[in-house]
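A.B. asks: You'll find start_28.cif just under this line, and it carries mmCIF, C-alpha atoms.
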```
data_target
#
loop_
_atom_site.label_atom_id
_atom_site.label_comp_id
_atom_site.auth_asym_id
_atom_site.auth_seq_id
_atom_site.Cartn_x
_atom_site.Cartn_y
_atom_site.Cartn_z
CA MET L 1011 0.00 0.00 0.00
CA THR L 1012 2.86 2.37 0.84
CA ASP L 1013 4.45 1.35 -2.45
CA PHE L 1014 1.32 2.32 -4.31
CA THR L 1015 1.09 5.65 -2.45
CA GLU L 1016 4.75 6.37 -3.25
CA ILE L 1017 4.36 5.47 -6.90
CA TRP L 1018 1.19 7.58 -7.12
CA SER L 1019 2.80 10.63 -5.53
CA TYR L 1020 5.75 10.23 -7.94
CA LEU L 1021 3.53 9.90 -11.01
CA ALA L 1022 1.09 12.64 -9.98
CA GLN L 1023 4.01 15.11 -10.16
CA GLY L 1024 4.52 14.54 -13.89
CA PRO L 1025 2.22 15.16 -16.85
CA LEU L 1026 1.90 11.51 -17.90
CA VAL L 1027 -0.96 10.45 -15.60
CA TRP L 1028 -3.33 13.23 -16.69
CA LEU L 1029 -2.42 12.89 -20.35
CA VAL L 1030 -3.30 9.18 -20.19
CA ALA L 1031 -6.46 9.96 -18.17
CA THR L 1032 -7.58 12.48 -20.82
CA LEU L 1033 -7.15 9.99 -23.67
CA ALA L 1034 -8.73 7.16 -21.66
CA ALA L 1035 -11.77 9.26 -20.69
CA TYR L 1036 -12.28 10.26 -24.32
CA ALA L 1037 -11.88 6.64 -25.52
CA LEU L 1038 -14.55 5.64 -22.97
CA GLY L 1039 -16.85 8.45 -24.15
CA HIS L 1040 -16.32 7.44 -27.77
CA ALA L 1041 -17.11 3.78 -26.96
CA CYS L 1042 -20.40 4.87 -25.30
CA PHE L 1043 -21.21 7.02 -28.37
CA GLN L 1044 -20.65 4.04 -30.71
CA ALA L 1045 -22.59 1.66 -28.47
CA ALA L 1046 -25.55 4.09 -28.46
CA GLY L 1047 -25.71 4.11 -32.28
CA ARG L 1048 -23.98 7.55 -32.54
CA ARG L 1049 -26.96 9.40 -31.07
CA PRO L 1050 -26.16 13.13 -30.65
CA TYR L 1051 -27.15 13.29 -26.96
CA VAL L 1052 -24.55 10.61 -26.07
CA ASN L 1053 -21.70 13.05 -26.65
CA PRO L 1054 -18.15 11.65 -26.18
CA VAL L 1055 -16.74 15.00 -24.99
CA LEU L 1056 -19.48 15.48 -22.41
CA ILE L 1057 -18.93 11.94 -21.07
CA ALA L 1058 -15.13 12.45 -20.96
CA VAL L 1059 -15.52 15.78 -19.14
CA LEU L 1060 -17.91 14.29 -16.56
CA VAL L 1061 -15.58 11.31 -15.93
CA LEU L 1062 -12.48 13.53 -15.58
CA ALA L 1063 -14.28 16.05 -13.39
CA GLY L 1064 -15.32 13.15 -11.14
CA VAL L 1065 -11.77 11.76 -11.00
CA LEU L 1066 -10.25 15.19 -10.24
CA TRP L 1067 -12.84 15.85 -7.55
CA GLY L 1068 -12.44 12.36 -6.07
CA SER L 1069 -8.63 12.51 -5.99
CA GLY L 1070 -8.56 16.13 -4.78
CA THR L 1071 -6.48 17.18 -7.81
CA PRO L 1072 -6.59 20.90 -8.65
CA TYR L 1073 -7.34 21.78 -12.29
CA PRO L 1074 -3.91 23.44 -12.92
CA VAL L 1075 -2.17 20.15 -11.93
CA TYR L 1076 -4.45 18.25 -14.34
CA PHE L 1077 -3.75 20.80 -17.07
CA GLU L 1078 0.04 20.22 -16.78
CA GLY L 1079 -0.62 16.90 -18.50
CA ALA L 1080 -3.65 17.82 -20.59
CA GLN L 1081 -1.95 20.87 -22.15
CA PHE L 1082 -0.33 18.63 -24.77
CA VAL L 1083 -3.79 17.75 -26.10
CA HIS L 1084 -5.05 21.32 -25.62
CA PHE L 1085 -2.16 22.76 -27.66
CA LEU L 1086 -3.35 20.85 -30.74
CA LEU L 1087 -6.49 23.06 -30.93
CA GLY L 1088 -4.46 25.73 -32.78
CA PRO L 1089 -2.99 23.42 -35.45
CA ALA L 1090 -6.44 21.75 -35.80
CA THR L 1091 -8.01 25.16 -36.53
CA VAL L 1092 -5.43 25.74 -39.26
CA ALA L 1093 -6.19 22.24 -40.61
CA LEU L 1094 -9.84 23.31 -41.14
CA ALA L 1095 -8.41 24.92 -44.30
CA LEU L 1096 -8.63 21.47 -45.92
CA PRO L 1097 -12.44 20.88 -45.68
CA LEU L 1098 -12.93 24.57 -46.54
CA TRP L 1099 -10.80 24.10 -49.68
CA ASP L 1100 -12.58 20.85 -50.60
CA ASN L 1101 -15.96 22.61 -50.45
CA LEU L 1102 -14.99 25.78 -52.32
CA GLY L 1103 -16.71 24.37 -55.44
CA HIS L 1104 -20.04 24.50 -53.56
CA VAL L 1105 -19.37 28.13 -52.69
CA LYS L 1106 -19.04 29.12 -56.33
CA LYS L 1107 -22.28 27.35 -57.33
CA ALA L 1108 -24.45 28.72 -54.53
CA ALA L 1109 -22.63 31.89 -53.51
CA LEU L 1110 -25.61 34.16 -52.83
CA PRO L 1111 -27.79 31.71 -50.84
CA LEU L 1112 -24.69 30.74 -48.83
CA LEU L 1113 -23.83 34.35 -48.10
CA ALA L 1114 -27.41 35.16 -47.01
CA SER L 1115 -27.56 32.04 -44.85
CA LEU L 1116 -24.17 32.68 -43.24
CA LEU L 1117 -25.02 36.30 -42.39
CA ALA L 1118 -28.47 35.39 -41.04
CA GLY L 1119 -27.41 32.33 -39.06
CA SER L 1120 -24.23 33.79 -37.62
CA THR L 1121 -25.82 37.14 -36.67
CA VAL L 1122 -28.88 35.51 -35.09
CA ALA L 1123 -26.63 33.12 -33.13
CA VAL L 1124 -24.51 35.88 -31.57
CA VAL L 1125 -27.21 38.58 -31.16
CA SER L 1126 -29.90 36.25 -29.75
CA ALA L 1127 -27.47 34.62 -27.30
CA LEU L 1128 -26.20 37.94 -25.95
CA GLY L 1129 -29.64 39.60 -26.07
CA ILE L 1130 -31.45 36.85 -24.16
CA ALA L 1131 -28.56 36.41 -21.70
CA SER L 1132 -28.49 40.16 -20.96
CA ALA L 1133 -32.27 40.20 -20.49
CA LEU L 1134 -31.95 37.30 -18.02
CA GLY L 1135 -29.32 39.17 -16.01
CA ILE L 1136 -26.19 37.38 -17.24
CA GLY L 1137 -23.22 39.71 -17.60
CA GLY L 1138 -19.47 40.06 -17.31
CA GLU L 1139 -17.24 37.06 -17.92
CA THR L 1140 -20.16 34.68 -18.53
CA LEU L 1141 -21.64 36.97 -21.22
CA ALA L 1142 -18.28 37.24 -23.00
CA SER L 1143 -17.92 33.45 -22.78
CA LEU L 1144 -21.32 33.01 -24.48
CA ALA L 1145 -20.58 35.26 -27.49
CA PRO L 1146 -18.70 32.67 -29.63
CA LYS L 1147 -20.84 29.65 -28.62
CA SER L 1148 -21.82 28.69 -32.20
CA ALA L 1149 -18.23 28.77 -33.51
CA THR L 1150 -16.16 25.58 -33.64
CA ALA L 1151 -14.46 25.03 -30.27
CA PRO L 1152 -10.80 25.84 -31.11
CA VAL L 1153 -11.87 29.16 -32.65
CA ALA L 1154 -14.46 29.85 -29.93
CA LEU L 1155 -11.84 29.43 -27.18
CA GLY L 1156 -9.55 31.89 -28.95
CA ILE L 1157 -12.36 34.45 -29.36
CA SER L 1158 -13.47 34.00 -25.74
CA ALA L 1159 -9.92 34.65 -24.46
CA GLN L 1160 -9.67 37.80 -26.61
CA LEU L 1161 -13.02 39.12 -25.31
CA GLY L 1162 -12.21 38.64 -21.62
CA GLY L 1163 -14.37 35.54 -21.31
CA SER L 1164 -13.41 32.25 -19.74
CA PRO L 1165 -12.20 29.72 -22.34
CA THR L 1166 -13.05 26.77 -20.07
CA LEU L 1167 -16.66 27.99 -19.64
CA THR L 1168 -16.85 28.67 -23.40
CA ALA L 1169 -15.70 25.09 -24.10
CA VAL L 1170 -18.68 23.71 -22.16
CA LEU L 1171 -21.17 26.20 -23.71
CA VAL L 1172 -19.90 25.36 -27.22
CA ILE L 1173 -20.30 21.61 -26.63
CA LEU L 1174 -23.83 22.07 -25.24
CA THR L 1175 -24.74 24.30 -28.22
CA GLY L 1176 -23.55 21.57 -30.61
CA ILE L 1177 -25.58 18.90 -28.83
CA ILE L 1178 -28.73 21.08 -28.82
CA GLY L 1179 -28.29 21.82 -32.54
CA ALA L 1180 -27.69 18.17 -33.41
CA ILE L 1181 -30.83 17.07 -31.54
CA THR L 1182 -33.19 19.85 -32.75
CA ALA L 1183 -32.06 20.36 -36.38
CA THR L 1184 -33.99 17.53 -38.06
CA PRO L 1185 -37.41 18.05 -36.40
CA LEU L 1186 -37.04 21.86 -36.64
CA LEU L 1187 -36.15 21.88 -40.36
CA ASN L 1188 -38.93 19.38 -41.12
CA ALA L 1189 -41.42 21.65 -39.32
CA LEU L 1190 -40.19 24.63 -41.36
CA GLY L 1191 -40.64 22.64 -44.59
CA ILE L 1192 -37.00 23.13 -45.72
CA ARG L 1193 -36.25 20.28 -48.17
CA ASP L 1194 -33.00 21.56 -49.75
CA TRP L 1195 -30.16 19.44 -48.22
CA ARG L 1196 -27.72 22.29 -48.87
CA ALA L 1197 -29.82 24.72 -46.78
CA ARG L 1198 -30.43 22.15 -44.03
CA GLY L 1199 -26.75 21.20 -43.73
CA PHE L 1200 -25.30 24.68 -44.03
CA ALA L 1201 -27.61 26.20 -41.39
CA THR L 1202 -26.82 23.33 -39.00
CA GLY L 1203 -23.05 23.76 -39.48
CA VAL L 1204 -23.26 27.54 -38.93
CA ALA L 1205 -25.31 27.23 -35.71
CA ALA L 1206 -23.92 23.98 -34.25
CA HIS L 1207 -20.32 23.61 -35.61
CA GLY L 1208 -18.63 20.17 -35.59
CA ILE L 1209 -21.25 18.32 -33.55
CA GLY L 1210 -23.99 19.62 -35.88
CA THR L 1211 -21.80 18.73 -38.88
CA ALA L 1212 -21.34 15.16 -37.65
CA ARG L 1213 -25.14 14.92 -37.29
CA ALA L 1214 -25.68 16.35 -40.81
CA PHE L 1215 -23.33 13.71 -42.30
CA GLN L 1216 -25.48 11.01 -40.65
CA VAL L 1217 -28.60 12.39 -42.33
CA HIS L 1218 -27.30 13.09 -45.86
CA PRO L 1219 -23.81 13.46 -47.49
CA THR L 1220 -24.70 16.76 -49.20
CA ALA L 1221 -26.00 18.13 -45.91
CA GLY L 1222 -22.73 17.04 -44.27
CA ALA L 1223 -20.49 18.73 -46.85
CA PHE L 1224 -22.47 21.98 -46.57
CA ALA L 1225 -22.44 21.75 -42.76
CA GLY L 1226 -18.63 21.52 -42.81
CA LEU L 1227 -18.52 24.58 -45.03
CA GLY L 1228 -20.92 26.43 -42.71
CA MET L 1229 -18.77 25.59 -39.69
CA GLY L 1230 -15.61 26.91 -41.39
CA LEU L 1231 -17.16 30.15 -42.65
CA ASN L 1232 -18.95 30.82 -39.35
CA ALA L 1233 -15.65 30.47 -37.48
CA VAL L 1234 -14.33 33.41 -39.49
CA LEU L 1235 -17.50 35.53 -39.30
CA THR L 1236 -18.00 34.94 -35.54
CA ALA L 1237 -14.43 36.10 -34.91
CA ILE L 1238 -15.37 39.39 -36.62
CA LEU L 1239 -18.96 39.75 -35.30
CA ALA L 1240 -18.61 38.62 -31.66
CA PRO L 1241 -16.39 41.49 -30.35
CA TRP L 1242 -18.59 44.06 -32.05
CA VAL L 1243 -21.95 42.65 -30.88
CA LEU L 1244 -20.59 42.08 -27.35
CA SER L 1245 -19.61 45.77 -27.14
CA LEU L 1246 -23.32 46.65 -27.72
CA PHE L 1247 -24.36 44.68 -24.62
CA GLN L 1248 -21.60 45.80 -22.21
CA MET U 410 4.34 13.88 -42.43
CA ILE U 411 7.17 16.09 -41.22
CA HIS U 412 6.65 18.48 -44.14
CA ALA U 413 2.92 18.64 -43.51
CA LEU U 414 3.56 19.36 -39.82
CA LEU U 415 6.05 22.06 -40.75
CA VAL U 416 3.58 23.72 -43.14
CA LEU U 417 0.74 23.52 -40.60
CA LEU U 418 2.73 25.04 -37.72
CA THR U 419 4.32 27.64 -40.01
CA ALA U 420 0.82 28.71 -41.17
CA GLN U 421 -0.22 29.03 -37.52
CA LEU U 422 2.92 30.99 -36.63
CA ALA U 423 2.42 33.29 -39.63
CA GLY U 424 -1.24 33.72 -38.64
CA GLU U 425 -0.31 34.62 -35.04
CA THR U 426 2.32 37.08 -36.27
CA LEU U 427 0.00 38.71 -38.81
CA THR U 428 -2.81 39.01 -36.23
CA ARG U 429 -0.49 40.73 -33.74
CA LEU U 430 0.96 43.03 -36.41
CA THR U 431 -2.41 44.16 -37.81
CA HIS U 432 -4.42 44.03 -34.54
CA ALA U 433 -7.00 42.02 -36.53
CA PRO U 434 -10.01 40.78 -34.52
CA LEU U 435 -9.37 37.19 -35.72
CA PRO U 436 -7.67 34.61 -33.48
CA GLY U 437 -4.19 33.75 -34.86
CA PRO U 438 -5.09 30.17 -35.89
CA VAL U 439 -8.08 31.46 -37.94
CA THR U 440 -5.73 33.80 -39.81
CA GLY U 441 -3.43 30.80 -40.26
CA MET U 442 -6.35 28.78 -41.70
CA LEU U 443 -7.10 31.55 -44.23
CA LEU U 444 -3.39 31.76 -45.15
CA LEU U 445 -3.35 28.00 -45.75
CA VAL U 446 -6.42 28.25 -48.06
CA VAL U 447 -4.54 30.94 -50.03
CA ALA U 448 -1.46 28.67 -50.13
CA PHE U 449 -3.66 25.84 -51.51
CA ALA U 450 -4.84 28.17 -54.29
CA VAL U 451 -1.26 29.17 -55.18
CA PHE U 452 0.29 25.67 -54.79
CA PRO U 453 -2.46 23.07 -55.51
CA ARG U 454 0.06 20.22 -54.89
CA LEU U 455 0.15 21.25 -51.23
CA VAL U 456 -3.39 19.88 -50.75
CA GLY U 457 -2.18 16.29 -51.20
CA VAL U 458 0.74 16.84 -48.83
CA MET U 459 -1.53 18.22 -46.09
CA ARG U 460 -4.46 15.81 -46.43
CA PRO U 461 -3.30 12.84 -44.24
CA LEU U 462 -2.21 15.07 -41.34
CA ALA U 463 -5.26 17.35 -41.55
CA GLN U 464 -7.66 14.41 -41.69
CA GLY U 465 -5.87 12.76 -38.76
CA LEU U 466 -6.18 15.91 -36.65
CA LEU U 467 -9.79 16.63 -37.64
CA GLY U 468 -10.92 13.00 -37.30
CA HIS U 469 -10.80 13.28 -33.52
CA LEU U 470 -11.28 17.02 -33.24
CA SER U 471 -13.60 16.61 -30.27
CA LEU U 472 -10.83 14.98 -28.16
CA LEU U 473 -9.06 18.33 -28.22
CA PHE U 474 -11.94 20.05 -26.35
CA VAL U 475 -11.66 17.70 -23.37
CA PRO U 476 -8.92 19.54 -21.37
CA ALA U 477 -10.72 22.89 -21.69
CA GLY U 478 -14.11 21.28 -21.05
CA THR U 479 -12.82 19.69 -17.84
CA GLY U 480 -12.17 23.25 -16.63
CA VAL U 481 -15.92 23.33 -15.96
CA ILE U 482 -15.09 22.12 -12.43
CA GLY U 483 -13.84 25.65 -11.76
CA HIS U 484 -17.21 27.13 -12.82
CA LEU U 485 -19.67 24.88 -11.02
CA ASP U 486 -20.84 27.79 -8.81
CA LYS U 487 -21.66 29.92 -11.87
CA ILE U 488 -23.32 27.06 -13.72
CA THR U 489 -25.52 26.05 -10.80
CA ALA U 490 -26.48 29.69 -10.11
CA GLN U 491 -27.19 30.58 -13.75
CA GLY U 492 -28.02 27.11 -15.08
CA PRO U 493 -31.69 27.66 -16.02
CA ALA U 494 -30.91 31.04 -17.67
CA LEU U 495 -27.99 29.53 -19.62
CA ALA U 496 -30.18 26.61 -20.75
CA VAL U 497 -32.82 29.04 -22.10
CA VAL U 498 -30.13 31.09 -23.89
CA LEU U 499 -28.49 28.07 -25.53
CA ILE U 500 -31.73 26.37 -26.64
CA VAL U 501 -33.54 29.47 -27.97
CA SER U 502 -30.46 30.94 -29.63
CA THR U 503 -29.40 27.69 -31.33
CA VAL U 504 -32.91 26.91 -32.64
CA ALA U 505 -33.32 30.52 -33.87
CA ALA U 506 -29.92 30.46 -35.62
CA ILE U 507 -30.65 27.18 -37.46
CA ALA U 508 -34.08 28.44 -38.54
CA ALA U 509 -32.73 31.83 -39.69
CA GLY U 510 -29.85 30.27 -41.64
CA ALA U 511 -32.01 27.65 -43.38
CA LEU U 512 -34.84 30.09 -44.21
CA ALA U 513 -32.35 32.66 -45.60
CA PHE U 514 -30.70 30.01 -47.80
CA ALA U 515 -34.00 28.61 -49.09
CA GLY U 516 -35.47 32.09 -49.60
CA VAL U 517 -32.55 33.41 -51.66
CA ALA U 518 -32.31 30.14 -53.65
CA ARG U 519 -36.03 30.43 -54.49
CA LEU U 520 -35.60 34.07 -55.58
CA LEU U 521 -32.74 33.03 -57.88
CA GLY U 522 -34.65 29.96 -59.11
CA THR U 523 -31.81 27.62 -57.99
CA GLU U 524 -33.59 25.74 -55.24
CA VAL U 525 -33.11 21.98 -54.96
CA GLY U 526 -35.95 19.96 -53.40
CA GLU U 527 -36.08 16.38 -52.09
#
```
Using structure tokens, write down the structure that the file contains.

C.D. replies:
Amino acid sequence: MTDFTEIWSYLAQGPLVWLVATLAAYALGHACFQAAGRRPYVNPVLIAVLVLAGVLWGSGTPYPVYFEGAQFVHFLLGPATVALALPLWDNLGHVKKAALPLLASLLAGSTVAVVSALGIASALGIGGETLASLAPKSATAPVALGISAQLGGSPTLTAVLVILTGIIGAITATPLLNALGIRDWRARGFATGVAAHGIGTARAFQVHPTAGAFAGLGMGLNAVLTAILAPWVLSLFQ
Amino acid sequence: MIHALLVLLTAQLAGETLTRLTHAPLPGPVTGMLLLVVAFAVFPRLVGVMRPLAQGLLGHLSLLFVPAGTGVIGHLDKITAQGPALAVVLIVSTVAAIAAGALAFAGVARLLGTEVGE
């Protein structure tokens, strides 16, 4: 028992334990997602976060100690954002064929996402750091975290709000778009990608390949537009 | 692999530098992404070089949110206090954004006579 305690206190000093824990928690979340038939409400990130939060709380580990190990995964958010250039490039052909509808949809979806979030939150008495953290909630997480940090929000709170936004979008998109009578797969996919980023895009690919390709395009373009819109709209509510 | 990694990180570094220099409102990696799209247009062969690495990174994109998401343990007080308000904000705003985006697309496509049904 002393041996185990000694080994644990040795390992807990270094980054390895929490790096392994991060990957293991995600692998567990992904296994649950697969086992549940890839349903959007069984989200691998949400499961991983809940498991890790439980482990940190149970072992009395402060978040900065955990982050010593997890930072190696976190760092990859930047390069992954740059890598979004590839799906954007692959879908540029779609942009040329449907430029005006795409532009209208991007402006409408992106503006409504930022303005309605900040407007409703302000009306409900949410302000300060939480309000700034909400502003980029429809952008893909790596970009949203960067915007949140620039606006004086909390990137960790933004991460959770972004994930929840994606799950809500993935669950509501199909019944909502059916109720609105939208039958164009391009419109359905693109709007879902703009409002609900990668999680919405994954959902759109499950429904229809065209919807998926347009969702990926919507996610990429909204990342850029949210970075421009969010600081400006936030200044109206502060 | 090593060349793709070099290009990817160089694009990010260039993006960070350009963002700082111009005080642009974009996060550095977003500028880097736009620079890489421009590089693809100038050097189309680069697309094939970047594809395996980019697909590898993007295939498990959601893993990369886990460390930041776990930071929620530092915000439990805020989330419990403002939980119902935050839930209303996220649900209403996301539904409204999807509806607005889809209606705008379909409306403009109908005006131009380029709509695709079924």

A.B. asks: Counting all atoms listed in the file, figure out which residue out of L:Ala1154, L:Gly1068, L:Phe1224, L:Ala1169 gets nearest to chain U.

C.D. replies: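 Selected residue with least distance to chain U: L:Ala1169.
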
A.B. asks: Please compute the atom CA of L:Val1065-atom CA of L:Ala1041 distance, one decimal, in Å.

C.D. replies: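 Between atom CA of L:Val1065 and atom CA of L:Ala1041 the gap is 18.6 Å.
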
A.B. asks: Tell me as a PyMOL selection string which residues belonging to chain U come within 7 Å of chain L, counting all atoms listed in the file.

C.D. replies: chain U and resi 417-418+421+434-436+438-439+441-443+445-446+463+466-467+471-482+484+494+498-500+502-507+509-511+513-515+517-518+524-527

A.B. asks: For atom CA of U:Gly457 and atom CA of L:Ala1212, quote the distance in Å rounded to one decimal.

C.D. replies: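 We find that atom CA of U:Gly457 and atom CA of L:Ala1212 lie 23.5 Å from each other.
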
A.B. asks: Could you check how far atom CA of L:Thr1015 sits from atom CA of L:Ala1034, in Å to one decimal?

C.D. replies: 21.6 Å

A.B. asks: Which residue gives the smallest distance to L:Ala1149 among L:Met1229, L:Ile1181, L:Ala1022, L:Val1030, with only C-alpha atoms counted?

C.D. replies: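 Among the listed residues, L:Met1229 lies closest to L:Ala1149.
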
A.B. asks: Residues at most 8 Å from L:Glu1139, counting all atoms listed in the file, excluding those fewer than 2 positions away in the same chain, as a ChimeraX atom specification?

C.D. replies: /L:1137,1141-1143,1162-1164

A.B. asks: For each of L:Tyr1020, L:Tyr1051, L:Val1243, L:Gln1044, take the minimum atom-to-atom distance to L:Gly1210, counting all atoms listed in the file, then give the residue where this is smallest.

C.D. replies: L:Tyr1051

A.B. asks: Which polymer residues have any atom within 8 Å of an atom of U:Val458, counting all atoms listed in the file, with same-chain residues fewer than 4 positions away left out, as a ChimeraX atom specification?

C.D. replies: /U:410,412-413,454

A.B. asks: Go ahead and write the residues just picked, C-alpha atoms, as a PDB file, in the frame of the given file.

C.D. replies:
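After the write, part_28.pdb holds the following:
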```pdb
ATOM      1  CA  MET U 410       4.340  13.880 -42.430  1.00  0.00           C
ATOM      2  CA  HIS U 412       6.650  18.480 -44.140  1.00  0.00           C
ATOM      3  CA  ALA U 413       2.920  18.640 -43.510  1.00  0.00           C
ATOM      4  CA  ARG U 454       0.060  20.220 -54.890  1.00  0.00           C
TER       5      ARG U 454
END
```

A.B. asks: Give the answer as one residue: which of L:Asn1101, L:Pro1185, L:Ser1245, L:Val1075 has the shortest atom-to-atom distance to L:Gly1226, using all atoms listed in the file?

C.D. replies: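 Among the listed residues, L:Asn1101 lies closest to L:Gly1226.
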
A.B. asks: Restricting the calculation to only C-alpha atoms, which member of L:Pro1146, L:Pro1050, L:Gly1024, L:Gly1138 is positioned closest to L:Ala1214?

C.D. replies: L:Pro1050

A.B. asks: Complete stretch 1093-1107 of chain L at the level of N, CA and C atoms, written as an mmCIF file, keeping the file's coordinate frame.

C.D. replies:
```cif
data_model
loop_
_atom_site.group_PDB
_atom_site.id
_atom_site.type_symbol
_atom_site.label_atom_id
_atom_site.label_comp_id
_atom_site.auth_asym_id
_atom_site.auth_seq_id
_atom_site.Cartn_x
_atom_site.Cartn_y
_atom_site.Cartn_z
ATOM 1 N N ALA L 1093 -5.882 23.386 -39.749
ATOM 2 C CA ALA L 1093 -6.190 22.240 -40.610
ATOM 3 C C ALA L 1093 -7.605 22.314 -41.189
ATOM 4 N N LEU L 1094 -8.492 23.131 -40.581
ATOM 5 C CA LEU L 1094 -9.840 23.310 -41.140
ATOM 6 C C LEU L 1094 -9.779 23.906 -42.543
ATOM 7 N N ALA L 1095 -8.594 24.421 -42.926
ATOM 8 C CA ALA L 1095 -8.410 24.920 -44.300
ATOM 9 C C ALA L 1095 -8.720 23.834 -45.315
ATOM 10 N N LEU L 1096 -8.447 22.560 -44.958
ATOM 11 C CA LEU L 1096 -8.630 21.470 -45.920
ATOM 12 C C LEU L 1096 -10.121 21.256 -46.284
ATOM 13 N N PRO L 1097 -11.028 21.021 -45.297
ATOM 14 C CA PRO L 1097 -12.440 20.880 -45.680
ATOM 15 C C PRO L 1097 -12.990 22.144 -46.347
ATOM 16 N N LEU L 1098 -12.480 23.314 -45.920
ATOM 17 C CA LEU L 1098 -12.930 24.570 -46.540
ATOM 18 C C LEU L 1098 -12.538 24.570 -48.020
ATOM 19 N N TRP L 1099 -11.295 24.167 -48.297
ATOM 20 C CA TRP L 1099 -10.800 24.100 -49.680
ATOM 21 C C TRP L 1099 -11.601 23.090 -50.502
ATOM 22 N N ASP L 1100 -11.852 21.895 -49.885
ATOM 23 C CA ASP L 1100 -12.580 20.850 -50.600
ATOM 24 C C ASP L 1100 -13.984 21.302 -50.994
ATOM 25 N N ASN L 1101 -14.571 22.207 -50.210
ATOM 26 C CA ASN L 1101 -15.960 22.610 -50.450
ATOM 27 C C ASN L 1101 -16.074 23.932 -51.202
ATOM 28 N N LEU L 1102 -14.931 24.481 -51.637
ATOM 29 C CA LEU L 1102 -14.990 25.780 -52.320
ATOM 30 C C LEU L 1102 -15.837 25.716 -53.593
ATOM 31 N N GLY L 1103 -15.882 24.538 -54.241
ATOM 32 C CA GLY L 1103 -16.710 24.370 -55.440
ATOM 33 C C GLY L 1103 -18.171 24.677 -55.157
ATOM 34 N N HIS L 1104 -18.656 24.217 -53.967
ATOM 35 C CA HIS L 1104 -20.040 24.500 -53.560
ATOM 36 C C HIS L 1104 -20.268 26.000 -53.421
ATOM 37 N N VAL L 1105 -19.227 26.689 -52.919
ATOM 38 C CA VAL L 1105 -19.370 28.130 -52.690
ATOM 39 C C VAL L 1105 -19.644 28.837 -54.007
ATOM 40 N N LYS L 1106 -18.892 28.433 -55.036
ATOM 41 C CA LYS L 1106 -19.040 29.120 -56.330
ATOM 42 C C LYS L 1106 -20.441 28.893 -56.911
ATOM 43 N N LYS L 1107 -20.981 27.669 -56.724
ATOM 44 C CA LYS L 1107 -22.280 27.350 -57.330
ATOM 45 C C LYS L 1107 -23.451 27.997 -56.596
#
```
